[in-house]
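Scroll down for the structure; my scribbles are underneath it.
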Amino acid sequence: MRELSLHILDIVENGITAGAGCITIAIEESEPTDRLTIRVCDDGPGMPAQKALNLEDPFVTTRTTRRVGLGLSLLAAAARRCEGQAAVATAPGRGTEVTATFRHSHIDRAPLGDMAATLEVLIVGNPQVDFVYSHRVDDREFTLDTRELKRELAGVDLGDPMVARELMESVRRSLRDLTSGGTPGPGRQPDVEAHD
Amino acid sequence: MSKLTIEDLKRIKEQTTKSTALRQGDARVKITVHMGTCGIAAGARAVMTALMEEMAEADRQDIRVVTSGCMGMCSSEPNVTVEILDEEPIVYQLMDANRMRQVFRRHVLKGEVQSGFAQGRL
């Protein structure tokens with residue numbers, strides 16, 4: 001994956017496939033500790049601990065269409081090559097929490113990428129699921145809670161492409177402010193989508 | 001701590017209430033973008049973004065976009081399935097943003113199946 005935001009999209013889709021109703025995505029970037037932490041929690045059915053133990057094994061999967069499951073293994077590999085690690089905390093009936101840490105300035109760390117696009121795809125593609133997104137850079141924070149949005153925008157369909165476009169413009173602006181608020185320097189460039 | 005402000009929300013609401021009020025009827029077209037790990041790694045998010053732009057532009061009330069998981073055809077990702085009411089579903093393979101725009105404008109809006117990209121066709 002070329003961007004961490006694509007890993008996030010992938011892990012969140014796992015939670016949705018598992019039947020979660022609300023998914024929390026938390027990103028923390030800290031300059032003093034030089035860490036980037038990504039946490040994705042869902043309120044889905046959870047997994048037996050045995051499955052979670054094998055998270056880095058691509059041949060462990062619950063899917064039926066094929067025998068390999070790559071999502072978590074790829075995330076764990078990405079974290080590990082940036083002096084970080086990935087962990088899964090889960091129990092049947094308790095939901096699942098995936099955490100991945102990275103050294104923020106590591107040369108192999110992929111850019112966070114276009115988080116606004118990831119959120120847009122998630123919100124439009126899964127109108128029945130709620131998302132809580134929080135992104136902290138040092139002491140600044142941005143949050144987006146679709147439950148709150150649905151309340152404020154009563155009667156407006158968040159999955160509507162027009163609404164989504166407006167919403168994502170705002171999110172993109174806020175995230176740009178958030179990441180450019182610190183001292184510019186290596187690893188602090190505004191992440192932009194680089195492919196194609 | 002920053003958030004979307006109430007002003008942002010109000011603006012969004014004003015700008016969109018009109019257009020979405022109409023969008024309540026049953027969907028005639030369903031477009032599924034497959035978003036497994038394989039799809040995402042192959043560029044499904046860019047395909048979906050292009051599709052949403054086209055949707056916003058076309059402003060049609062009877063089209064729904066959904067995402068789903070891997071369909072087992074990982075080597076031809078990104079896959080997109082177009083289902084039009086009373087018609088055979090068509091699976092498009094190896095999609096990118098431009099192919100998606102073409103499929104949307106020609107197939108979804110005009111009914112011309114783009115057989116060059118189609119996988120399952122009669």
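A note on labels: chains of the structure tokens are A, B, ... as shown, every chain counts residues from 1, and ligands are counted from 1 in their shown order.
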Taking only C-alpha atoms into account, which residues of chain A are within 6 Å of chain B, as a PyMOL selection string?
-> chain A and resi 1+10+65+71+125+140-143+161-162
Could you pull the residues within 8 Å of Val80 (chain B), counting only C-alpha atoms, minus those fewer than 5 positions along the same chain, as number ranges by chain?
-> B: 31-34, 91-93, 95
Per DSSP on the backbone, what are the strand (DSSP E) residues of region 15-139 of chain A, as a count of residues only?
-> 38
Could you pull out all residues of chain B with a DSSP call of helix (DSSP H, G or I) and give them as number ranges by chain?
-> B: 6-21, 37-42, 44-58, 74-76, 97-110
Hey, can you spit out that residue selection with N, CA and C atoms as a compact mmCIF listing (two decimals), in the first residue's frame?
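Everything below was put into again.txt:
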# COMPACT_ATOMS: atom_id res chain seq x y z
N ILE B 6 -20.16 24.61 13.34
CA ILE B 6 -21.61 24.65 13.09
C ILE B 6 -21.89 25.38 11.78
N GLU B 7 -21.06 26.41 11.50
CA GLU B 7 -21.25 27.16 10.25
C GLU B 7 -21.04 26.23 9.05
N ASP B 8 -19.98 25.43 9.13
CA ASP B 8 -19.72 24.47 8.06
C ASP B 8 -20.94 23.59 7.84
N LEU B 9 -21.45 23.08 8.95
CA LEU B 9 -22.58 22.15 8.86
C LEU B 9 -23.80 22.81 8.26
N LYS B 10 -24.05 24.05 8.71
CA LYS B 10 -25.23 24.77 8.20
C LYS B 10 -25.10 24.99 6.70
N ARG B 11 -23.87 25.35 6.30
CA ARG B 11 -23.65 25.61 4.89
C ARG B 11 -23.90 24.34 4.07
N ILE B 12 -23.34 23.23 4.59
CA ILE B 12 -23.53 21.96 3.90
C ILE B 12 -25.01 21.64 3.80
N LYS B 13 -25.70 21.87 4.88
CA LYS B 13 -27.12 21.53 4.91
C LYS B 13 -27.90 22.36 3.90
N GLU B 14 -27.61 23.66 3.90
CA GLU B 14 -28.32 24.53 2.96
C GLU B 14 -28.06 24.14 1.53
N GLN B 15 -26.79 23.87 1.24
CA GLN B 15 -26.44 23.58 -0.15
C GLN B 15 -26.99 22.26 -0.63
N THR B 16 -27.28 21.37 0.29
CA THR B 16 -27.62 20.03 -0.17
C THR B 16 -29.05 19.61 0.08
N THR B 17 -29.76 20.33 0.93
CA THR B 17 -31.12 19.89 1.25
C THR B 17 -31.95 19.78 -0.01
N LYS B 18 -31.81 20.78 -0.88
CA LYS B 18 -32.61 20.81 -2.08
C LYS B 18 -32.36 19.57 -2.93
N SER B 19 -31.10 19.28 -3.14
CA SER B 19 -30.80 18.18 -4.06
C SER B 19 -31.15 16.83 -3.47
N THR B 20 -31.01 16.70 -2.15
CA THR B 20 -31.22 15.37 -1.59
C THR B 20 -32.69 15.08 -1.29
N ALA B 21 -33.50 16.11 -1.24
CA ALA B 21 -34.91 15.90 -0.94
C ALA B 21 -35.52 14.96 -1.97
N THR B 37 -8.64 -6.02 0.48
CA THR B 37 -7.24 -5.59 0.51
C THR B 37 -6.71 -5.50 -0.92
N CYS B 38 -7.07 -6.51 -1.73
CA CYS B 38 -6.59 -6.56 -3.11
C CYS B 38 -7.08 -5.36 -3.91
N GLY B 39 -8.37 -5.04 -3.74
CA GLY B 39 -8.94 -3.91 -4.47
C GLY B 39 -8.29 -2.60 -4.06
N ILE B 40 -8.14 -2.42 -2.75
CA ILE B 40 -7.58 -1.17 -2.23
C ILE B 40 -6.14 -1.00 -2.72
N ALA B 41 -5.37 -2.09 -2.65
CA ALA B 41 -3.98 -2.01 -3.08
C ALA B 41 -3.88 -1.71 -4.57
N ALA B 42 -4.89 -2.13 -5.33
CA ALA B 42 -4.84 -1.94 -6.78
C ALA B 42 -5.41 -0.59 -7.20
N ALA B 44 -8.64 0.90 -5.79
CA ALA B 44 -10.10 1.03 -5.74
C ALA B 44 -10.56 2.36 -5.14
N ARG B 45 -9.74 2.93 -4.25
CA ARG B 45 -10.19 4.19 -3.63
C ARG B 45 -10.25 5.31 -4.67
N ALA B 46 -9.25 5.35 -5.56
CA ALA B 46 -9.25 6.38 -6.60
C ALA B 46 -10.44 6.18 -7.55
N VAL B 47 -10.78 4.90 -7.81
CA VAL B 47 -11.93 4.59 -8.66
C VAL B 47 -13.21 5.10 -8.01
N MET B 48 -13.33 4.82 -6.73
CA MET B 48 -14.52 5.24 -5.98
C MET B 48 -14.61 6.76 -5.92
N THR B 49 -13.48 7.43 -5.73
CA THR B 49 -13.48 8.90 -5.68
C THR B 49 -13.95 9.48 -7.01
N ALA B 50 -13.45 8.91 -8.11
CA ALA B 50 -13.86 9.37 -9.43
C ALA B 50 -15.36 9.14 -9.62
N LEU B 51 -15.83 7.99 -9.18
CA LEU B 51 -17.24 7.66 -9.30
C LEU B 51 -18.10 8.66 -8.54
N MET B 52 -17.66 9.01 -7.34
CA MET B 52 -18.45 9.96 -6.53
C MET B 52 -18.47 11.34 -7.17
N GLU B 53 -17.36 11.71 -7.80
CA GLU B 53 -17.35 13.00 -8.51
C GLU B 53 -18.35 12.99 -9.65
N GLU B 54 -18.34 11.90 -10.41
CA GLU B 54 -19.28 11.78 -11.52
C GLU B 54 -20.73 11.82 -11.03
N MET B 55 -20.96 11.13 -9.92
CA MET B 55 -22.32 11.09 -9.34
C MET B 55 -22.78 12.48 -8.96
N ALA B 56 -21.87 13.22 -8.31
CA ALA B 56 -22.23 14.56 -7.85
C ALA B 56 -22.55 15.44 -9.05
N GLU B 57 -21.81 15.22 -10.14
CA GLU B 57 -22.03 16.03 -11.33
C GLU B 57 -23.33 15.66 -12.03
N ALA B 58 -23.57 14.35 -12.14
CA ALA B 58 -24.75 13.89 -12.87
C ALA B 58 -26.02 14.23 -12.09
N CYS B 74 -9.01 -11.40 -7.40
CA CYS B 74 -8.03 -10.39 -6.98
C CYS B 74 -7.13 -9.93 -8.12
N SER B 75 -6.87 -10.83 -9.07
CA SER B 75 -5.91 -10.46 -10.12
C SER B 75 -6.51 -9.44 -11.08
N SER B 76 -7.82 -9.27 -11.07
CA SER B 76 -8.39 -8.29 -11.99
C SER B 76 -8.92 -7.06 -11.26
N ALA B 97 -9.54 5.45 -12.63
CA ALA B 97 -10.45 6.59 -12.55
C ALA B 97 -11.08 6.90 -13.91
N ASN B 98 -10.26 6.87 -14.98
CA ASN B 98 -10.79 7.21 -16.30
C ASN B 98 -11.78 6.18 -16.82
N ARG B 99 -11.44 4.89 -16.63
CA ARG B 99 -12.37 3.83 -17.06
C ARG B 99 -13.70 3.97 -16.31
N MET B 100 -13.58 4.31 -15.02
CA MET B 100 -14.79 4.45 -14.21
C MET B 100 -15.67 5.58 -14.76
N ARG B 101 -15.01 6.68 -15.11
CA ARG B 101 -15.79 7.80 -15.67
C ARG B 101 -16.48 7.39 -16.96
N GLN B 102 -15.75 6.65 -17.80
CA GLN B 102 -16.33 6.21 -19.07
C GLN B 102 -17.52 5.27 -18.83
N VAL B 103 -17.32 4.30 -17.92
CA VAL B 103 -18.41 3.36 -17.63
C VAL B 103 -19.62 4.11 -17.07
N PHE B 104 -19.36 5.08 -16.22
CA PHE B 104 -20.48 5.80 -15.64
C PHE B 104 -21.24 6.58 -16.71
N ARG B 105 -20.49 7.31 -17.53
CA ARG B 105 -21.16 8.16 -18.52
C ARG B 105 -21.84 7.34 -19.61
N ARG B 106 -21.19 6.26 -20.07
CA ARG B 106 -21.74 5.50 -21.19
C ARG B 106 -22.73 4.44 -20.71
N HIS B 107 -22.32 3.62 -19.75
CA HIS B 107 -23.18 2.50 -19.36
C HIS B 107 -24.30 2.95 -18.42
N VAL B 108 -23.90 3.59 -17.32
CA VAL B 108 -24.90 3.94 -16.31
C VAL B 108 -25.86 4.99 -16.84
N LEU B 109 -25.34 6.02 -17.48
CA LEU B 109 -26.22 7.11 -17.92
C LEU B 109 -26.89 6.82 -19.26
N LYS B 110 -26.18 6.09 -20.17
CA LYS B 110 -26.75 5.91 -21.51
C LYS B 110 -27.12 4.48 -21.85
